[in-house]
file input.cif (mmCIF, C-alpha atoms)
data_final
#
loop_
_atom_site.label_atom_id
_atom_site.label_comp_id
_atom_site.auth_asym_id
_atom_site.auth_seq_id
_atom_site.Cartn_x
_atom_site.Cartn_y
_atom_site.Cartn_z
CA MET A 1 11.60 77.43 -15.26
CA ARG A 2 12.74 73.82 -14.96
CA ILE A 3 16.38 74.92 -14.86
CA ARG A 4 15.63 77.56 -12.23
CA GLY A 5 13.84 74.99 -10.12
CA LEU A 6 16.70 72.51 -10.46
CA LEU A 7 19.22 75.14 -9.38
CA GLY A 8 17.00 76.07 -6.46
CA ALA A 9 17.02 72.46 -5.26
CA PHE A 10 20.79 72.59 -4.94
CA GLY A 11 20.86 76.05 -3.35
CA GLY A 12 23.36 76.51 -0.53
CA ARG A 13 25.31 73.34 -1.37
CA ALA A 14 29.03 73.29 -2.07
CA PHE A 15 30.34 71.63 -5.21
CA ILE A 16 33.69 69.91 -5.67
CA SER A 17 35.09 69.78 -9.18
CA ARG A 18 36.35 66.37 -10.31
CA VAL A 19 38.17 67.87 -13.28
CA PRO A 20 41.95 67.83 -12.70
CA ILE A 21 43.71 71.19 -12.88
CA PHE A 22 47.09 71.21 -14.61
CA SER A 23 49.64 73.96 -14.03
CA ARG A 24 52.61 74.36 -16.34
CA SER A 25 55.80 74.35 -14.29
CA ILE A 26 58.37 77.00 -15.20
CA SER A 27 61.74 75.92 -16.51
CA THR A 28 64.20 78.27 -18.16
CA LEU A 29 67.16 77.82 -20.47
CA VAL A 30 69.69 80.68 -20.30
CA LEU A 31 71.97 81.01 -23.32
CA ALA A 32 75.31 82.01 -21.85
CA GLU A 33 78.38 83.60 -23.38
CA HIS A 34 81.81 83.00 -21.89
CA GLU A 35 85.30 84.38 -22.27
CA GLY A 36 88.60 83.53 -20.62
CA GLY A 37 87.11 80.61 -18.72
CA ALA A 38 84.30 82.62 -17.08
CA VAL A 39 80.67 83.36 -17.86
CA LYS A 40 80.24 86.94 -19.05
CA ALA A 41 78.50 89.43 -16.78
CA SER A 42 75.75 90.05 -19.34
CA SER A 43 74.81 86.35 -19.24
CA LEU A 44 74.73 86.43 -15.44
CA CYS A 45 72.31 89.35 -15.75
CA ALA A 46 70.14 87.12 -17.95
CA LEU A 47 70.22 84.64 -15.08
CA GLU A 48 68.99 87.38 -12.73
CA ALA A 49 66.11 88.01 -15.13
CA ALA A 50 65.25 84.30 -15.19
CA LYS A 51 64.76 84.38 -11.40
CA LEU A 52 61.83 86.78 -11.86
CA LEU A 53 59.84 84.47 -14.13
CA GLY A 54 58.19 82.70 -11.22
CA GLU A 55 58.57 80.60 -8.11
CA GLY A 56 60.01 77.11 -8.49
CA ASN A 57 61.77 78.04 -11.71
CA SER A 58 64.30 75.40 -12.72
CA VAL A 59 67.12 77.21 -14.54
CA SER A 60 69.60 75.52 -16.87
CA LEU A 61 72.62 77.36 -18.28
CA LEU A 62 73.77 76.43 -21.79
CA LEU A 63 77.43 76.88 -22.75
CA SER A 64 79.15 75.95 -25.97
CA GLY A 65 82.68 76.07 -27.31
CA SER A 66 85.70 73.82 -27.29
CA GLY A 67 88.84 73.17 -25.32
CA PRO A 68 89.89 73.92 -21.74
CA SER A 69 88.27 77.39 -21.62
CA LEU A 70 84.82 75.81 -22.04
CA GLN A 71 85.40 73.43 -19.14
CA GLU A 72 86.66 76.31 -16.99
CA ALA A 73 83.56 78.33 -17.88
CA ALA A 74 81.35 75.35 -16.99
CA ALA A 75 83.06 75.07 -13.59
CA HIS A 76 82.57 78.81 -13.06
CA ALA A 77 78.89 78.57 -14.02
CA ALA A 78 78.35 75.64 -11.67
CA SER A 79 79.65 77.63 -8.71
CA CYS A 80 78.60 81.21 -9.47
CA SER A 81 74.94 81.16 -8.42
CA ARG A 82 72.51 79.10 -6.38
CA SER A 83 69.81 79.81 -8.96
CA ILE A 84 71.32 77.42 -11.51
CA SER A 85 69.90 73.91 -11.40
CA ARG A 86 72.00 72.45 -14.19
CA VAL A 87 74.81 73.43 -16.57
CA LEU A 88 74.65 72.08 -20.12
CA VAL A 89 77.88 71.94 -22.12
CA ALA A 90 78.17 71.51 -25.90
CA ASP A 91 81.81 70.79 -26.74
CA TRP A 92 82.55 70.96 -30.46
CA ASP A 93 85.02 72.95 -32.54
CA LYS A 94 82.15 74.43 -34.59
CA PHE A 95 81.14 76.28 -31.42
CA SER A 96 84.50 77.95 -30.95
CA TYR A 97 82.89 81.10 -32.35
CA PRO A 98 79.18 81.90 -31.84
CA LEU A 99 77.87 81.54 -35.38
CA ALA A 100 74.09 81.76 -35.51
CA GLU A 101 73.54 78.62 -37.61
CA ALA A 102 75.30 76.23 -35.23
CA TRP A 103 74.02 77.86 -32.05
CA ALA A 104 70.40 78.03 -33.26
CA LYS A 105 70.45 74.33 -34.13
CA LEU A 106 71.92 73.60 -30.70
CA VAL A 107 69.12 75.54 -29.01
CA GLN A 108 66.53 73.64 -31.05
CA ILE A 109 67.95 70.27 -30.01
CA VAL A 110 68.25 71.21 -26.33
CA GLN A 111 64.68 72.57 -26.33
CA GLN A 112 63.26 69.45 -27.93
CA LYS A 113 64.86 67.37 -25.21
CA GLY A 114 64.33 69.69 -22.22
CA ASN A 115 60.94 71.18 -23.17
CA TYR A 116 61.68 74.49 -21.44
CA SER A 117 58.94 77.05 -20.89
CA HIS A 118 61.33 80.00 -21.39
CA ILE A 119 64.59 80.67 -23.20
CA VAL A 120 66.52 83.80 -22.18
CA ALA A 121 69.59 85.55 -23.55
CA ALA A 122 71.20 88.94 -23.01
CA SER A 123 70.32 91.56 -25.60
CA GLY A 124 73.83 91.98 -26.98
CA SER A 125 75.38 90.98 -30.28
CA PHE A 126 75.47 87.37 -29.03
CA GLY A 127 71.78 87.14 -28.16
CA LYS A 128 70.56 89.24 -31.09
CA ASN A 129 72.51 87.03 -33.46
CA ILE A 130 71.27 83.67 -32.18
CA LEU A 131 67.80 84.06 -30.68
CA PRO A 132 65.85 85.14 -33.82
CA ARG A 133 67.15 82.19 -35.83
CA ALA A 134 66.49 79.76 -32.98
CA ALA A 135 62.98 81.19 -32.61
CA ALA A 136 62.32 80.57 -36.30
CA LEU A 137 63.42 76.95 -35.95
CA LEU A 138 61.09 76.53 -32.95
CA ASP A 139 58.26 78.42 -34.72
CA VAL A 140 57.73 81.00 -31.99
CA SER A 141 57.95 84.79 -31.86
CA PRO A 142 60.62 86.21 -29.52
CA ILE A 143 60.17 89.26 -27.28
CA THR A 144 63.21 91.52 -27.46
CA ASP A 145 64.86 94.13 -25.24
CA VAL A 146 62.89 93.25 -22.12
CA ILE A 147 63.55 95.67 -19.24
CA GLY A 148 60.93 94.42 -16.78
CA ILE A 149 59.35 91.07 -15.88
CA ARG A 150 55.95 91.13 -14.15
CA GLY A 151 55.14 87.44 -14.43
CA SER A 152 55.87 84.32 -16.43
CA ASN A 153 54.20 85.78 -19.52
CA LEU A 154 54.06 89.54 -18.87
CA PHE A 155 56.98 91.72 -19.90
CA VAL A 156 57.92 95.39 -20.27
CA ARG A 157 59.99 96.63 -23.21
CA PRO A 158 60.80 100.09 -24.57
CA ILE A 159 59.35 101.39 -27.84
CA TYR A 160 59.84 104.57 -29.86
CA ALA A 161 63.53 104.75 -28.95
CA GLY A 162 62.75 104.46 -25.25
CA ASN A 163 60.22 107.28 -25.13
CA ALA A 164 57.42 104.87 -24.20
CA LEU A 165 57.19 101.53 -22.43
CA SER A 166 55.06 98.70 -23.77
CA THR A 167 53.69 95.91 -21.58
CA VAL A 168 53.51 92.70 -23.59
CA ARG A 169 51.63 89.52 -22.68
CA TYR A 170 52.97 86.38 -24.34
CA LEU A 171 50.15 84.09 -25.50
CA GLY A 172 52.09 81.82 -27.85
CA SER A 173 53.25 78.26 -27.42
CA ASP A 174 56.35 77.23 -25.48
CA PRO A 175 59.06 78.28 -25.33
CA CYS A 176 58.66 81.97 -24.59
CA MET A 177 61.93 83.41 -25.93
CA LEU A 178 63.33 86.65 -24.50
CA THR A 179 66.30 88.92 -24.91
CA ILE A 180 66.83 91.12 -21.87
CA ARG A 181 68.74 94.34 -21.39
CA SER A 182 71.43 93.46 -18.90
CA THR A 183 71.46 97.00 -17.47
CA SER A 184 67.89 96.45 -16.22
CA PHE A 185 68.77 93.27 -14.29
CA PRO A 186 71.91 94.05 -12.26
CA LEU A 187 73.79 91.28 -10.54
CA GLU A 188 72.98 90.53 -6.93
CA SER A 189 75.74 89.92 -4.43
CA ASP A 190 75.03 86.18 -4.15
CA SER A 191 75.49 85.76 -7.91
CA ALA A 192 79.22 86.11 -7.50
CA SER A 193 79.52 83.83 -4.49
CA HIS A 194 81.52 80.69 -4.94
CA GLY A 195 81.61 77.40 -3.11
CA SER A 196 78.92 75.29 -1.44
CA VAL A 197 76.98 75.06 -4.72
CA ASP A 198 76.54 71.57 -6.11
CA VAL A 199 75.28 71.81 -9.70
CA ALA A 200 75.26 69.02 -12.24
CA VAL A 201 77.26 69.60 -15.42
CA ASP A 202 75.88 67.57 -18.33
CA THR A 203 77.19 67.15 -21.86
CA VAL A 204 74.92 67.82 -24.84
CA ASP A 205 74.98 65.29 -27.67
CA VAL A 206 75.91 67.30 -30.78
CA SER A 207 76.27 64.36 -33.18
CA THR A 208 73.06 65.25 -35.05
CA ILE A 209 74.12 68.88 -35.53
CA SER A 210 77.18 67.89 -37.56
CA GLU A 211 74.90 66.51 -40.27
CA ASP A 212 72.91 69.73 -40.69
CA GLU A 213 73.44 71.48 -44.04
CA SER A 214 72.68 74.95 -42.63
CA LEU A 215 76.07 74.99 -40.90
CA LYS A 216 77.74 75.38 -44.28
CA LYS A 217 76.03 78.70 -44.96
CA SER A 218 78.50 80.75 -42.94
CA LYS A 219 82.04 80.48 -41.68
CA TYR A 220 84.22 82.29 -39.20
CA ILE A 221 86.83 84.60 -40.74
CA SER A 222 88.20 86.86 -38.01
CA ILE A 223 87.29 88.89 -34.95
CA SER A 224 88.41 92.35 -33.91
CA SER A 225 87.86 93.78 -30.45
CA GLN A 226 88.79 96.82 -28.41
CA ASP A 227 91.86 97.17 -26.23
CA LYS A 228 91.58 94.59 -23.45
CA GLU A 229 93.24 96.97 -20.98
CA ARG A 230 90.28 99.32 -21.22
CA PRO A 231 87.09 98.53 -19.23
CA ASP A 232 84.27 96.87 -21.14
CA LEU A 233 81.78 99.46 -22.38
CA GLY A 234 78.72 97.46 -21.42
CA ASN A 235 79.77 96.86 -17.80
CA SER A 236 81.98 99.81 -16.82
CA ARG A 237 81.05 101.97 -13.81
CA VAL A 238 82.16 105.10 -15.67
CA VAL A 239 81.71 105.86 -19.38
CA VAL A 240 83.22 108.84 -21.23
CA THR A 241 81.54 109.46 -24.58
CA GLY A 242 82.45 111.75 -27.46
CA GLY A 243 80.24 113.04 -30.23
CA ARG A 244 80.54 114.83 -33.54
CA GLY A 245 81.63 117.98 -31.68
CA LEU A 246 85.14 116.51 -31.39
CA LYS A 247 85.49 117.10 -35.16
CA SER A 248 88.20 114.51 -35.89
CA ALA A 249 89.72 111.17 -34.91
CA GLU A 250 92.80 113.02 -33.67
CA ASN A 251 90.72 115.15 -31.32
CA PHE A 252 88.89 112.04 -30.09
CA LYS A 253 92.13 111.06 -28.35
CA LEU A 254 91.19 113.67 -25.74
CA ILE A 255 88.27 111.42 -24.78
CA GLU A 256 90.57 108.41 -24.58
CA SER A 257 93.03 110.31 -22.37
CA LEU A 258 90.28 111.41 -20.01
CA ALA A 259 88.87 107.88 -19.87
CA GLU A 260 92.31 106.51 -19.03
CA LYS A 261 92.65 108.93 -16.11
CA LEU A 262 89.21 107.98 -14.79
CA GLY A 263 89.60 104.26 -15.40
CA ALA A 264 86.53 104.55 -17.63
CA ALA A 265 85.25 102.94 -20.81
CA VAL A 266 85.13 104.95 -24.03
CA GLY A 267 81.87 105.45 -25.88
CA ALA A 268 80.82 107.33 -29.00
CA THR A 269 77.70 108.56 -30.74
CA ARG A 270 76.60 107.18 -34.09
CA ALA A 271 77.64 110.45 -35.75
CA ALA A 272 81.20 110.03 -34.41
CA VAL A 273 81.31 106.42 -35.58
CA ASP A 274 79.93 107.25 -39.03
CA ALA A 275 82.54 110.01 -39.34
CA GLY A 276 85.26 107.41 -38.74
CA PHE A 277 86.52 108.81 -35.43
CA VAL A 278 86.28 105.41 -33.70
CA PRO A 279 85.15 101.84 -34.56
CA ASN A 280 81.45 101.00 -34.31
CA GLU A 281 82.00 98.68 -31.32
CA LEU A 282 82.17 101.85 -29.20
CA GLN A 283 78.80 103.16 -30.34
CA VAL A 284 76.26 103.87 -27.61
CA GLY A 285 72.61 104.13 -28.56
CA GLN A 286 69.59 102.42 -30.01
CA THR A 287 71.66 100.75 -32.74
CA GLY A 288 74.74 100.37 -30.54
CA LYS A 289 75.30 99.31 -26.95
CA ILE A 290 72.92 99.98 -24.08
CA VAL A 291 74.78 101.23 -21.00
CA ALA A 292 73.76 102.28 -17.49
CA PRO A 293 76.95 103.24 -15.63
CA GLU A 294 77.14 105.07 -12.33
CA LEU A 295 78.66 108.06 -14.17
CA TYR A 296 78.13 108.94 -17.83
CA MET A 297 80.12 111.87 -19.25
CA ALA A 298 79.11 113.21 -22.68
CA PHE A 299 81.34 115.63 -24.58
CA GLY A 300 80.17 117.23 -27.81
CA VAL A 301 77.04 115.07 -27.74
CA SER A 302 73.88 116.80 -28.96
CA GLY A 303 71.49 114.30 -27.36
CA ALA A 304 69.79 112.75 -30.38
CA ILE A 305 66.93 110.47 -29.40
CA GLN A 306 68.73 107.39 -30.79
CA HIS A 307 71.73 108.05 -28.54
CA VAL A 308 69.67 108.87 -25.44
CA ALA A 309 67.87 105.53 -25.80
CA GLY A 310 71.17 103.78 -25.06
CA MET A 311 72.24 105.73 -21.96
CA ARG A 312 69.21 107.30 -20.31
CA ASP A 313 69.32 104.80 -17.41
CA SER A 314 72.75 106.05 -16.28
CA LYS A 315 72.79 107.00 -12.60
CA VAL A 316 74.51 110.40 -13.08
CA ILE A 317 74.81 112.14 -16.45
CA VAL A 318 77.28 114.98 -17.05
CA ALA A 319 77.10 116.86 -20.36
CA VAL A 320 79.49 119.37 -21.92
CA ASN A 321 78.33 121.14 -25.07
CA LYS A 322 78.83 124.74 -26.18
CA ASP A 323 75.23 124.80 -27.45
CA SER A 324 73.16 125.62 -24.35
CA ASP A 325 69.99 124.49 -26.19
CA ALA A 326 71.31 120.99 -26.94
CA PRO A 327 68.76 118.28 -26.02
CA ILE A 328 71.36 116.45 -23.94
CA PHE A 329 70.92 119.06 -21.19
CA GLN A 330 67.28 118.01 -20.75
CA ILE A 331 68.34 114.66 -19.26
CA ALA A 332 71.72 115.67 -17.76
CA ASP A 333 72.12 115.90 -13.99
CA TYR A 334 75.00 118.32 -14.46
CA GLY A 335 75.68 120.42 -17.55
CA ILE A 336 78.38 122.80 -18.73
CA ALA A 337 77.58 125.02 -21.71
CA ASP A 338 81.14 125.63 -22.84
CA ASP A 339 83.76 124.55 -25.35
CA LEU A 340 84.82 120.93 -24.75
CA PHE A 341 88.32 121.77 -26.04
CA LYS A 342 88.63 124.05 -23.04
CA ILE A 343 86.95 121.79 -20.46
CA ILE A 344 88.72 118.49 -21.21
CA PRO A 345 92.28 119.88 -20.92
CA GLU A 346 91.32 121.46 -17.58
CA LEU A 347 89.99 118.12 -16.34
CA LEU A 348 93.12 116.32 -17.52
CA GLU A 349 95.24 118.85 -15.66
CA LYS A 350 93.33 118.70 -12.39
CA LEU A 351 92.52 114.99 -12.20
CA PRO A 352 95.16 112.82 -10.50
CA GLU A 353 96.79 109.99 -12.39
CA LYS A 354 95.01 106.63 -12.09
CA LYS A 355 96.81 104.32 -9.70
#

call {"tool": "encode", "arguments": {"input": "input.cif", "output": "structure tokens"}}
result
Amino acid sequence: MRIRGLLGAFGGRAFISRVPIFSRSISTLVLAEHEGGAVKASSLCALEAAKLLGEGNSVSLLLSGSGPSLQEAAAHAASCSRSISRVLVADWDKFSYPLAEAWAKLVQIVQQKGNYSHIVAASGSFGKNILPRAAALLDVSPITDVIGIRGSNLFVRPIYAGNALSTVRYLGSDPCMLTIRSTSFPLESDSASHGSVDVAVDTVDVSTISEDESLKKSKYISISSQDKERPDLGNSRVVVTGGRGLKSAENFKLIESLAEKLGAAVGATRAAVDAGFVPNELQVGQTGKIVAPELYMAFGVSGAIQHVAGMRDSKVIVAVNKDSDAPIFQIADYGIADDLFKIIPELLEKLPEKK
């Protein structure tokens, strides 16, 4: 009764809280990959994702490597987008190749100094290799394969091979570490604009990294990559994919010939890769590359759930399979239930040569 009476005495009065309210500002570190003196498109897509984390987001881009190509990439990063507040450069020969041990230690040092609220990387071999180890060093749990950002701590990611979407709220300590699917965050036109962008380029002190024993646990041996004349599988507008229905590596050359005429990238199913038709760098699917081209052509592809998870976001899907009940036809925009060894030669005959 005493409390009720006390509250009644103050009825109708406004109260002003004297307790200060603190809001955590958003700052993001984007781990960027570069090649040939330019930041890769997948890393620029990670930058697009960082924009969605919140208003007033201060974005820093981290590059590492050695030699002139690193400096060229830094200059490209400083002029490629107005969203970048600062470019951080770690120049050391140990960073010539993106080994997880050196890169993870670099991320730890940069985070300790910059105290970022978020760390973002593209969900490719680069990001998947580095981010988990860096997260372990920072004692946080990363959120992987993000396809949607609804706030600074609310994210959407696929589960069950893409058959369901899970909305995840991050409640852990900073930094919130993310890998994003680049196909879900396409580049905006201003991301490629150059000039009139004044961004600071700062050098990261790597002297403490050289003393770390973990760097001795792995070493670079060699790298093999696909033909540079062919479009990159992850960023090509057109992808031509072959499956087990091609029966042999020799027959898979039909796919390569068609891709050459279309100016397209070549993809393959896991079954085709496991059979030795093509190297695994061409694999599309849950355990391969995630693609979302404007046109996706699938020949001899059954439509296994693991493969569909890697290409279901394609704008137009064309499927050719002699089995009319193949699951691929359930998601295809256009389908031909016929023998691919009949269809591909007809296409090669009727399509004009690429200029």

call {"tool": "closest_residue", "arguments": {"input": "input.cif", "among": "A:Ala271, A:Ala249, A:Ala77, A:Val239", "to": "Val318 of chain A", "atoms": "all atoms listed in the file"}}
result
A:Val239

call {"tool": "closest_residue", "arguments": {"input": "input.cif", "among": "A:Asp205, A:Glu55, A:Ser96, A:Gly37", "to": "Pro68 of chain A", "atoms": "all atoms listed in the file"}}
result
A:Gly37

call {"tool": "atom_distance", "arguments": {"input": "input.cif", "atom1": "atom CA of Asp323 of chain A", "atom2": "atom CA of Lys289 of chain A"}}
result
25.5 Å

call {"tool": "residues_around", "arguments": {"input": "input.cif", "residues": "Leu246 of chain A", "least_positions_apart": "5", "cutoff": "12 Å", "atoms": "only C-alpha atoms", "output": "VMD selection string"}}
result
chain A and resid 241 251 to 256 268 to 269 271 to 273 275 to 278 298 to 302 320 to 322 339 to 342 344

call {"tool": "resolve_selection", "arguments": {"input": "input.cif", "expression": "the PyMOL selection byres ((chain A and resi 235) around 9)", "output": "compact mmCIF listing (two decimals) with C-alpha atoms, keeping the file's coordinate frame"}}
result
# COMPACT_ATOMS: atom_id res chain seq x y z
CA ALA A 41 78.50 89.43 -16.78
CA SER A 42 75.75 90.05 -19.34
CA THR A 183 71.46 97.00 -17.47
CA PRO A 231 87.09 98.53 -19.23
CA ASP A 232 84.27 96.87 -21.14
CA LEU A 233 81.78 99.46 -22.38
CA GLY A 234 78.72 97.46 -21.42
CA SER A 236 81.98 99.81 -16.82
CA ARG A 237 81.05 101.97 -13.81
CA VAL A 238 82.16 105.10 -15.67
CA ALA A 265 85.25 102.94 -20.81
CA VAL A 291 74.78 101.23 -21.00
CA ALA A 292 73.76 102.28 -17.49
CA PRO A 293 76.95 103.24 -15.63

call {"tool": "closest_atom_pairs", "arguments": {"input": "input.cif", "of": "segment 267-315 of chain A", "to": "segment 116-131 of chain A", "cutoff": "12 Å", "atoms": "all atoms listed in the file", "output": "tab-separated table"}}
result
residue	atom	partner	partner_atom	distance
A:Glu281	CA	A:Ser125	CA	10.2
A:Gln286	CA	A:Gly124	CA	11.7
A:Thr287	CA	A:Gly124	CA	10.7
A:Gly288	CA	A:Gly124	CA	9.2
A:Lys289	CA	A:Gly124	CA	7.5
A:Ile290	CA	A:Gly124	CA	8.6
A:Val291	CA	A:Gly124	CA	11.1

call {"tool": "resolve_selection", "arguments": {"input": "input.cif", "expression": "the PyMOL selection byres ((chain A and resi 260) around 10)", "output": "NGL selection string"}}
result
:A and (229-231 or 240 or 254-259 or 261-266 or 348 or 353-354)

call {"tool": "atom_distance", "arguments": {"input": "input.cif", "atom1": "atom CA of Leu165 of chain A", "atom2": "atom CA of Glu188 of chain A"}}
result
24.7 Å

call {"tool": "atom_distance", "arguments": {"input": "input.cif", "atom1": "atom CA of Val87 of chain A", "atom2": "atom CA of Ala135 of chain A"}}
result
21.4 Å

call {"tool": "resolve_selection", "arguments": {"input": "input.cif", "expression": "the PyMOL selection byres ((chain A and resi 176) around 8)", "output": "list in words"}}
result
Ser117, His118, Ile119, Val140, Ser141, Pro142, Ile143, Asn153, Tyr170, Gly172, Ser173, Asp174, Pro175, Met177 and Leu178 of chain A

call {"tool": "closest_residue", "arguments": {"input": "input.cif", "among": "A:Ile109, A:Leu44, A:Ile84, A:Val89", "to": "Leu187 of chain A", "atoms": "only C-alpha atoms"}}
result
A:Leu44
